[in-house]
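Below is model35.cif, which holds mmCIF, C-alpha atoms and all ligand atoms.
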```cif
data_entry
loop_
_atom_site.label_atom_id
_atom_site.label_comp_id
_atom_site.auth_asym_id
_atom_site.auth_seq_id
_atom_site.Cartn_x
_atom_site.Cartn_y
_atom_site.Cartn_z
CA MET D 1 76.10 28.74 -0.32
CA ASP D 2 76.04 31.57 2.25
CA ARG D 3 73.34 29.78 4.19
CA ILE D 4 75.28 26.53 4.15
CA LEU D 5 78.46 28.20 5.44
CA ARG D 6 76.54 30.02 8.18
CA GLY D 7 74.82 26.73 9.02
CA ILE D 8 78.21 25.05 9.41
CA MET D 9 79.24 27.83 11.82
CA ARG D 10 76.11 27.25 13.90
CA TYR D 11 76.75 23.50 13.86
CA ARG D 12 80.31 24.12 15.15
CA GLN D 13 79.00 26.23 17.99
CA LEU D 14 75.93 24.17 18.96
CA ASP D 15 76.10 20.55 17.84
CA ARG D 16 79.64 19.50 17.00
CA LYS D 17 80.69 18.32 20.48
CA THR D 18 77.55 16.24 21.03
CA MET D 19 77.85 14.68 17.61
CA VAL D 20 81.49 13.70 18.11
CA GLU D 21 80.43 12.01 21.37
CA GLN D 22 77.71 10.14 19.47
CA PHE D 23 80.20 9.12 16.77
CA LYS D 24 82.44 7.64 19.47
CA GLN D 25 79.58 5.62 20.96
CA VAL D 26 78.50 4.35 17.55
CA LYS D 27 82.06 3.43 16.58
CA ASN D 28 82.29 0.99 19.47
CA ASN D 29 78.83 -0.42 19.01
CA PRO D 30 77.48 0.21 15.54
CA THR D 31 73.95 -1.16 15.24
CA PRO D 32 72.19 0.56 12.36
CA LYS D 33 68.63 -0.73 12.13
CA ALA D 34 67.57 0.02 8.58
CA VAL D 35 68.67 0.78 5.06
CA PHE D 36 66.40 3.63 4.07
CA PHE D 37 65.89 4.47 0.39
CA THR D 38 64.21 7.73 -0.41
CA CYS D 39 64.04 10.50 -2.97
CA MET D 40 66.64 13.25 -3.20
CA ASP D 41 63.83 15.84 -2.93
CA SER D 42 64.81 18.69 -0.59
CA ARG D 43 61.54 18.34 1.33
CA MET D 44 62.35 14.79 2.36
CA ILE D 45 64.34 14.81 5.60
CA PRO D 46 64.04 11.20 6.73
CA THR D 47 66.08 11.52 9.93
CA ARG D 48 63.75 14.30 11.06
CA PHE D 49 60.40 12.64 10.37
CA THR D 50 61.56 9.33 11.86
CA GLU D 51 63.46 10.98 14.75
CA MET D 52 66.49 8.85 13.92
CA ASN D 53 69.95 9.84 14.99
CA VAL D 54 73.66 9.15 14.50
CA GLY D 55 74.23 5.44 13.86
CA ASP D 56 70.57 4.53 13.33
CA MET D 57 70.16 4.07 9.60
CA PHE D 58 71.94 3.95 6.27
CA ILE D 59 70.27 6.39 3.90
CA VAL D 60 70.39 6.18 0.11
CA ARG D 61 68.79 8.92 -1.92
CA ASN D 62 68.25 9.33 -5.61
CA ALA D 63 65.75 10.76 -8.07
CA GLY D 64 62.48 8.92 -7.44
CA ASN D 65 63.70 6.43 -4.78
CA VAL D 66 64.39 3.83 -7.42
CA ILE D 67 66.34 0.61 -6.86
CA PRO D 68 67.19 -0.83 -10.27
CA HIS D 69 66.18 -4.46 -10.87
CA SER D 70 69.08 -6.93 -10.81
CA HIS D 71 68.57 -7.88 -14.46
CA HIS D 72 70.12 -4.54 -15.45
CA PHE D 73 73.42 -5.57 -14.01
CA LEU D 74 75.69 -8.03 -15.71
CA ASP D 75 79.18 -8.94 -14.73
CA GLU D 76 80.84 -6.03 -12.90
CA ILE D 77 78.58 -3.29 -14.16
CA THR D 78 76.41 -2.03 -11.33
CA SER D 79 75.09 1.14 -9.73
CA ASN D 80 75.07 2.63 -6.27
CA GLU D 81 71.80 1.15 -5.01
CA PRO D 82 72.65 -2.58 -5.07
CA ALA D 83 76.09 -1.78 -3.67
CA ALA D 84 74.34 0.02 -0.81
CA LEU D 85 72.07 -2.99 -0.26
CA GLU D 86 75.07 -5.28 0.06
CA LEU D 87 76.96 -2.87 2.32
CA GLY D 88 73.91 -2.47 4.54
CA CYS D 89 72.25 -5.88 4.59
CA VAL D 90 75.15 -8.27 4.08
CA ILE D 91 78.29 -6.58 5.41
CA ASN D 92 76.48 -4.80 8.25
CA ASP D 93 73.72 -7.40 8.65
CA ILE D 94 70.88 -4.87 8.75
CA ARG D 95 67.50 -6.62 8.91
CA HIS D 96 65.07 -4.02 7.52
CA ILE D 97 64.98 -2.20 4.20
CA ILE D 98 62.58 0.70 3.81
CA VAL D 99 61.63 2.43 0.59
CA CYS D 100 59.98 5.79 1.14
CA GLY D 101 58.23 7.60 -1.69
CA HIS D 102 56.37 10.89 -1.48
CA SER D 103 53.67 13.03 -3.05
CA ASP D 104 54.45 15.72 -5.62
CA CYS D 105 57.65 13.89 -6.53
CA LYS D 106 59.32 15.71 -9.40
CA ALA D 107 60.94 12.50 -10.68
CA ILE D 108 57.62 10.64 -10.60
CA ASN D 109 55.81 13.55 -12.28
CA LEU D 110 58.41 13.25 -15.03
CA LEU D 111 57.94 9.47 -15.18
CA TYR D 112 54.22 10.08 -15.68
CA GLN D 113 55.02 12.38 -18.63
CA LEU D 114 57.30 9.74 -20.13
CA GLN D 115 54.15 7.94 -21.29
CA ASP D 116 54.33 10.41 -24.18
CA THR D 117 56.46 8.56 -26.73
CA ASN D 118 58.00 11.74 -28.10
CA PHE D 119 58.97 12.94 -24.62
CA SER D 120 60.61 9.58 -23.94
CA SER D 121 62.15 9.10 -27.42
CA GLN D 122 65.68 7.80 -27.71
CA VAL D 123 66.90 11.21 -28.90
CA ASN D 124 65.46 12.81 -25.77
CA ARG D 125 66.76 10.07 -23.48
CA ARG D 126 70.25 10.60 -24.87
CA LYS D 127 70.07 14.29 -23.97
CA SER D 128 68.43 13.83 -20.58
CA PRO D 129 69.98 11.62 -17.90
CA ILE D 130 66.87 11.85 -15.73
CA ARG D 131 64.65 10.61 -18.56
CA ALA D 132 67.18 7.85 -19.33
CA TRP D 133 67.33 6.86 -15.62
CA LEU D 134 63.56 6.69 -15.26
CA CYS D 135 62.99 4.89 -18.57
CA ALA D 136 65.61 2.30 -17.72
CA HIS D 137 64.74 1.72 -14.09
CA ALA D 138 61.24 2.98 -13.30
CA TRP D 139 59.42 1.79 -16.40
CA SER D 140 58.08 -1.24 -14.51
CA SER D 141 56.32 1.17 -12.11
CA LEU D 142 54.73 2.90 -15.08
CA GLU D 143 53.57 -0.44 -16.51
CA LYS D 144 51.90 -1.30 -13.19
CA PHE D 145 50.24 2.12 -13.21
CA GLN D 146 48.90 1.47 -16.71
CA GLN D 147 47.48 -1.86 -15.51
CA LEU D 148 45.66 0.05 -12.78
CA GLU D 149 44.42 2.65 -15.26
CA LEU D 150 42.83 -0.11 -17.36
CA THR D 151 40.64 -1.05 -14.41
CA ASP D 152 39.67 2.58 -13.78
CA TYR D 153 42.00 2.61 -10.75
CA SER D 154 39.82 0.20 -8.83
CA MET D 155 41.40 -3.26 -8.99
CA PRO D 156 44.26 -4.35 -6.77
CA LEU D 157 47.78 -4.80 -8.09
CA ILE D 158 49.95 -7.78 -7.24
CA PHE D 159 53.59 -7.40 -6.30
CA GLN D 160 56.21 -9.99 -5.66
CA ALA D 161 57.43 -9.81 -2.08
CA GLU D 162 60.49 -11.35 -0.46
CA THR D 163 60.44 -14.45 -2.66
CA PRO D 164 58.80 -15.28 -6.01
CA GLN D 165 56.34 -17.52 -4.12
CA ARG D 166 55.44 -14.74 -1.74
CA LYS D 167 53.22 -12.03 -3.15
CA PHE D 168 51.21 -9.16 -1.76
CA VAL D 169 48.12 -7.40 -2.97
CA ALA D 170 47.83 -3.62 -3.04
CA TYR D 171 44.79 -1.41 -3.45
CA ILE D 172 46.19 1.93 -4.56
CA ASP D 173 44.37 4.95 -3.17
CA PRO D 174 41.01 3.14 -2.75
CA GLU D 175 39.31 6.37 -1.66
CA ASN D 176 40.49 8.01 -4.87
CA LYS D 177 41.86 11.10 -3.15
CA LEU D 178 45.23 11.34 -4.86
CA ALA D 179 46.40 12.83 -8.12
CA LEU D 180 47.33 10.30 -10.80
CA GLU D 181 51.03 11.10 -10.36
CA ASP D 182 50.74 10.40 -6.63
CA LYS D 183 49.07 7.05 -7.30
CA LEU D 184 52.05 6.32 -9.56
CA SER D 185 54.38 7.37 -6.75
CA GLN D 186 52.79 4.84 -4.36
CA ILE D 187 53.04 2.12 -7.01
CA ASN D 188 56.66 3.05 -7.61
CA ALA D 189 57.51 2.67 -3.91
CA LEU D 190 55.97 -0.83 -3.91
CA GLN D 191 57.64 -1.81 -7.16
CA GLN D 192 61.01 -1.19 -5.50
CA LEU D 193 60.31 -3.97 -2.98
CA GLN D 194 60.10 -6.35 -5.92
CA ASN D 195 63.31 -4.93 -7.40
CA ILE D 196 65.16 -5.29 -4.09
CA ALA D 197 64.09 -8.92 -3.82
CA SER D 198 65.61 -9.61 -7.24
CA TYR D 199 69.18 -9.57 -5.89
CA GLY D 200 70.72 -13.01 -5.46
CA PHE D 201 72.95 -11.92 -2.58
CA LEU D 202 69.84 -11.17 -0.49
CA LYS D 203 67.99 -14.35 -1.46
CA SER D 204 68.80 -16.61 1.48
CA ARG D 205 68.22 -13.81 4.02
CA LEU D 206 64.83 -13.07 2.47
CA GLU D 207 63.86 -16.75 2.33
CA LYS D 208 64.80 -17.26 5.96
CA HIS D 209 62.84 -14.15 7.01
CA GLN D 210 65.98 -12.55 8.36
CA LEU D 211 65.49 -9.54 6.14
CA HIS D 212 62.27 -7.56 5.71
CA ILE D 213 61.30 -5.00 3.12
CA HIS D 214 58.80 -2.22 3.79
CA ALA D 215 57.32 0.75 1.98
CA LEU D 216 56.54 4.16 3.44
CA TRP D 217 54.99 7.13 1.71
CA PHE D 218 55.26 10.74 2.82
CA ASP D 219 52.47 13.13 1.90
CA ILE D 220 54.13 16.48 1.40
CA TYR D 221 50.76 18.28 1.50
CA THR D 222 49.65 17.05 4.93
CA GLY D 223 52.92 15.88 6.49
CA GLU D 224 51.29 12.48 7.14
CA ILE D 225 53.40 9.35 6.77
CA TYR D 226 51.86 6.18 5.43
CA TYR D 227 52.99 2.59 5.97
CA PHE D 228 52.13 -0.06 3.41
CA SER D 229 50.24 -2.63 5.46
CA ARG D 230 50.20 -6.04 3.81
CA GLN D 231 47.33 -6.95 6.12
CA ALA D 232 45.25 -3.94 5.13
CA LYS D 233 46.50 -4.29 1.52
CA GLN D 234 46.98 -0.54 1.25
CA PHE D 235 48.99 2.42 2.50
CA VAL D 236 47.63 3.53 5.87
CA ILE D 237 48.42 6.74 7.75
CA ILE D 238 50.56 5.98 10.78
CA ASN D 239 48.75 7.55 13.72
CA GLU D 240 47.79 7.13 17.38
CA ASP D 241 44.85 4.89 16.49
CA ASN D 242 46.73 2.22 14.56
CA ILE D 243 50.32 2.40 15.77
CA GLU D 244 49.93 -0.68 18.00
CA THR D 245 48.33 -2.72 15.20
CA LEU D 246 51.09 -1.68 12.82
CA MET D 247 53.78 -2.56 15.36
CA ASP D 248 52.16 -6.00 15.76
CA GLU D 249 52.07 -6.43 12.02
CA VAL D 250 55.75 -5.56 11.69
CA GLU D 251 56.64 -7.94 14.52
CA ASN D 252 54.48 -10.90 13.55
CA TYR D 253 53.40 -10.73 9.97
CA TYR D 254 56.84 -11.06 8.47
CA MET D 255 58.13 -13.80 10.74
ZN ZN D 301 60.84 12.82 -5.27
#
```

Output the file's structure as structure tokens, nothing else.
Amino acid sequence: MDRILRGIMRYRQLDRKTMVEQFKQVKNNPTPKAVFFTCMDSRMIPTRFTEMNVGDMFIVRNAGNVIPHSHHFLDEITSNEPAALELGCVINDIRHIIVCGHSDCKAINLLYQLQDTNFSSQVNRRKSPIRAWLCAHAWSSLEKFQQLELTDYSMPLIFQAETPQRKFVAYIDPENKLALEDKLSQINALQQLQNIASYGFLKSRLEKHQLHIHALWFDIYTGEIYYFSRQAKQFVIINEDNIETLMDEVENYYM
């Protein structure tokens, strides 16, 4: 807490005035460009690695960057993530949703362990909100991972994209460089695109290509950031060599 209080003092002295100016500009012309879902992990600082600033994106963080599927919500019972989707994409008309996973994710490592039936038993889920959260909302990621395992991690997985008719194919870690938990983390990021598309209030926007959903993946070990390219059918490192191709893909492929 000491460090936080001292940090606030430094912010007062160095950044407060500039930020208040930025808040004023944004208030008159708010144009956030993305709803960004990522993990609550302390190493993930999305505004820093995307160089975004005041007014640029809505950020939603939770354990494992999970967006529960709409079938979990009946009547008025909901959770934060769909509410954030509506606030961002409907009320504020934001056109891009990004889900960003990462390597060495503690939530995903735990999800991997939940394959052990004793570890994920009902008794344990009742005592452990994180186990309950992952079993309820990330189990579909685990099922996809198990499909991949059956093919010795070599066959592509198929995910539903913006509409049930629209699908994309994903080769997970084709060079086989990642730990099993990190493969699961990439699958989990992609599975969330499918979950996002399950919400009825986004349906017409998705069908009309007014709303686009993307996956990023941050490798904690190298600091590299990957974009899931539907053209390349895999996560690719965003770098000087492919940035133009990726920009073209984002501009054209989804239209
Ligand atoms: Zn994480």

*Can you pull out every residue within 12 Å of range 81-96 of chain D, counting all atoms listed in the file, but drop anything in the same chain fewer than 6 positions away, and send it as a PyMOL selection string?*
chain D and resi 29-38+55-63+65-73+137+162+192-193+195-206+208-215+250-251+254-255

_Distance limit 9 Å, reference ligand ZN 301 (chain D), atoms considered: only C-alpha atoms and all ligand atoms. Which residues make the cut? Give them as a PyMOL selection string._
chain D and resi 38-44+62-65+101-109+185

Put those residues in a file: C-alpha atoms, as an mmCIF file, in the frame of the given file.
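Below is the file part-v3.cif, written as the result:
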```cif
data_model
loop_
_atom_site.group_PDB
_atom_site.id
_atom_site.type_symbol
_atom_site.label_atom_id
_atom_site.label_comp_id
_atom_site.auth_asym_id
_atom_site.auth_seq_id
_atom_site.Cartn_x
_atom_site.Cartn_y
_atom_site.Cartn_z
ATOM 1 C CA THR D 38 64.210 7.730 -0.410
ATOM 2 C CA CYS D 39 64.040 10.500 -2.970
ATOM 3 C CA MET D 40 66.640 13.250 -3.200
ATOM 4 C CA ASP D 41 63.830 15.840 -2.930
ATOM 5 C CA SER D 42 64.810 18.690 -0.590
ATOM 6 C CA ARG D 43 61.540 18.340 1.330
ATOM 7 C CA MET D 44 62.350 14.790 2.360
ATOM 8 C CA ASN D 62 68.250 9.330 -5.610
ATOM 9 C CA ALA D 63 65.750 10.760 -8.070
ATOM 10 C CA GLY D 64 62.480 8.920 -7.440
ATOM 11 C CA ASN D 65 63.700 6.430 -4.780
ATOM 12 C CA GLY D 101 58.230 7.600 -1.690
ATOM 13 C CA HIS D 102 56.370 10.890 -1.480
ATOM 14 C CA SER D 103 53.670 13.030 -3.050
ATOM 15 C CA ASP D 104 54.450 15.720 -5.620
ATOM 16 C CA CYS D 105 57.650 13.890 -6.530
ATOM 17 C CA LYS D 106 59.320 15.710 -9.400
ATOM 18 C CA ALA D 107 60.940 12.500 -10.680
ATOM 19 C CA ILE D 108 57.620 10.640 -10.600
ATOM 20 C CA ASN D 109 55.810 13.550 -12.280
ATOM 21 C CA SER D 185 54.380 7.370 -6.750
#
```

*Write out as a list in words the residues lying within 9 Å of Ile238 in chain D, counting all atoms listed in the file and excluding same-chain residues fewer than 6 positions away.*
Glu224, Ile225, Tyr226, Tyr227 and Leu246 of chain D

*Tell me, as number ranges by chain, which residues lie within 9 Å of Gln234 in chain D, counting only C-alpha atoms; anything in the same chain fewer than 6 positions away does not count.*
D: 169-174, 227-228

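Take CA of Leu142 in chain D and CA of Gln113 in chain D: the distance between them is 10.1 Å.
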
As a short mmCIF file (atom, residue, chain, number, x, y, z; two decimals) with C-alpha atoms, keeping the file's coordinate frame, please: the residues near Arg131 in chain D (cut-off 10 Å, all atoms listed in the file, same-chain neighbours under 3 positions excluded).
```
data_model
loop_
_atom_site.label_atom_id
_atom_site.label_comp_id
_atom_site.auth_asym_id
_atom_site.auth_seq_id
_atom_site.Cartn_x
_atom_site.Cartn_y
_atom_site.Cartn_z
CA ALA D 107 60.94 12.50 -10.68
CA LEU D 110 58.41 13.25 -15.03
CA LEU D 111 57.94 9.47 -15.18
CA GLN D 113 55.02 12.38 -18.63
CA LEU D 114 57.30 9.74 -20.13
CA PHE D 119 58.97 12.94 -24.62
CA SER D 120 60.61 9.58 -23.94
CA SER D 121 62.15 9.10 -27.42
CA GLN D 122 65.68 7.80 -27.71
CA ASN D 124 65.46 12.81 -25.77
CA ARG D 125 66.76 10.07 -23.48
CA ARG D 126 70.25 10.60 -24.87
CA LYS D 127 70.07 14.29 -23.97
CA SER D 128 68.43 13.83 -20.58
CA LEU D 134 63.56 6.69 -15.26
CA CYS D 135 62.99 4.89 -18.57
CA ALA D 136 65.61 2.30 -17.72
CA HIS D 137 64.74 1.72 -14.09
CA ALA D 138 61.24 2.98 -13.30
#
```

*Can you pull out every residue within 8 Å of Phe168 in chain D, counting only C-alpha atoms, but drop anything in the same chain fewer than 3 positions away, and send it as number ranges by chain?*
D: 158-161, 230, 233

Output C-alpha atoms for every residue in that selection, as a PDB file, in the coordinates of the input.
```pdb
ATOM      1  CA  ILE D 158      49.950  -7.780  -7.240  1.00  0.00           C
ATOM      2  CA  PHE D 159      53.590  -7.400  -6.300  1.00  0.00           C
ATOM      3  CA  GLN D 160      56.210  -9.990  -5.660  1.00  0.00           C
ATOM      4  CA  ALA D 161      57.430  -9.810  -2.080  1.00  0.00           C
ATOM      5  CA  ARG D 230      50.200  -6.040   3.810  1.00  0.00           C
ATOM      6  CA  LYS D 233      46.500  -4.290   1.520  1.00  0.00           C
TER       7      LYS D 233
END
```

*Have a look at CA of Phe23 in chain D and CA of Phe49 in chain D and let me know their distance in Å, one decimal.*
21.1 Å

*Which one of D:Thr117, D:Thr163, D:Gln231, D:Ser141 sits closest to Ile187 in chain D if you count all atoms listed in the file?*
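Smallest separation from Ile187 in chain D among the options: D:Ser141.
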
*Rounded to one decimal place, report the CA of Lys177 in chain D-CA of Phe235 in chain D distance in Å.*
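Interatomic distance here is 12.6 Å.
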
*asked:* Using all atoms listed in the file for the distances, tell me which of D:Val99, D:Ile237, D:Leu74, D:Met247 is nearest to Ala189 in chain D.
replied: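 Checking each candidate against Ala189 in chain D, we get D:Val99 as the closest.
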
*Of the candidates D:Asn80, D:Gln165, D:Thr50, D:Asn118, which shows the shortest atom-to-atom distance to Ile98 in chain D, using all atoms listed in the file?*
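Among D:Asn80, D:Gln165, D:Thr50, D:Asn118, it is D:Thr50 that comes nearest to Ile98 in chain D.
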
*Taking only C-alpha atoms into account, which of D:Asn239, D:Gln194, D:Met155, D:Tyr112 comes nearest Ala179 in chain D?*
D:Tyr112

*Which of these residues is nearest to Gln115 in chain D, using all atoms listed in the file: D:Asp241, D:Asp152, D:Asp2, D:Glu181?*
D:Glu181
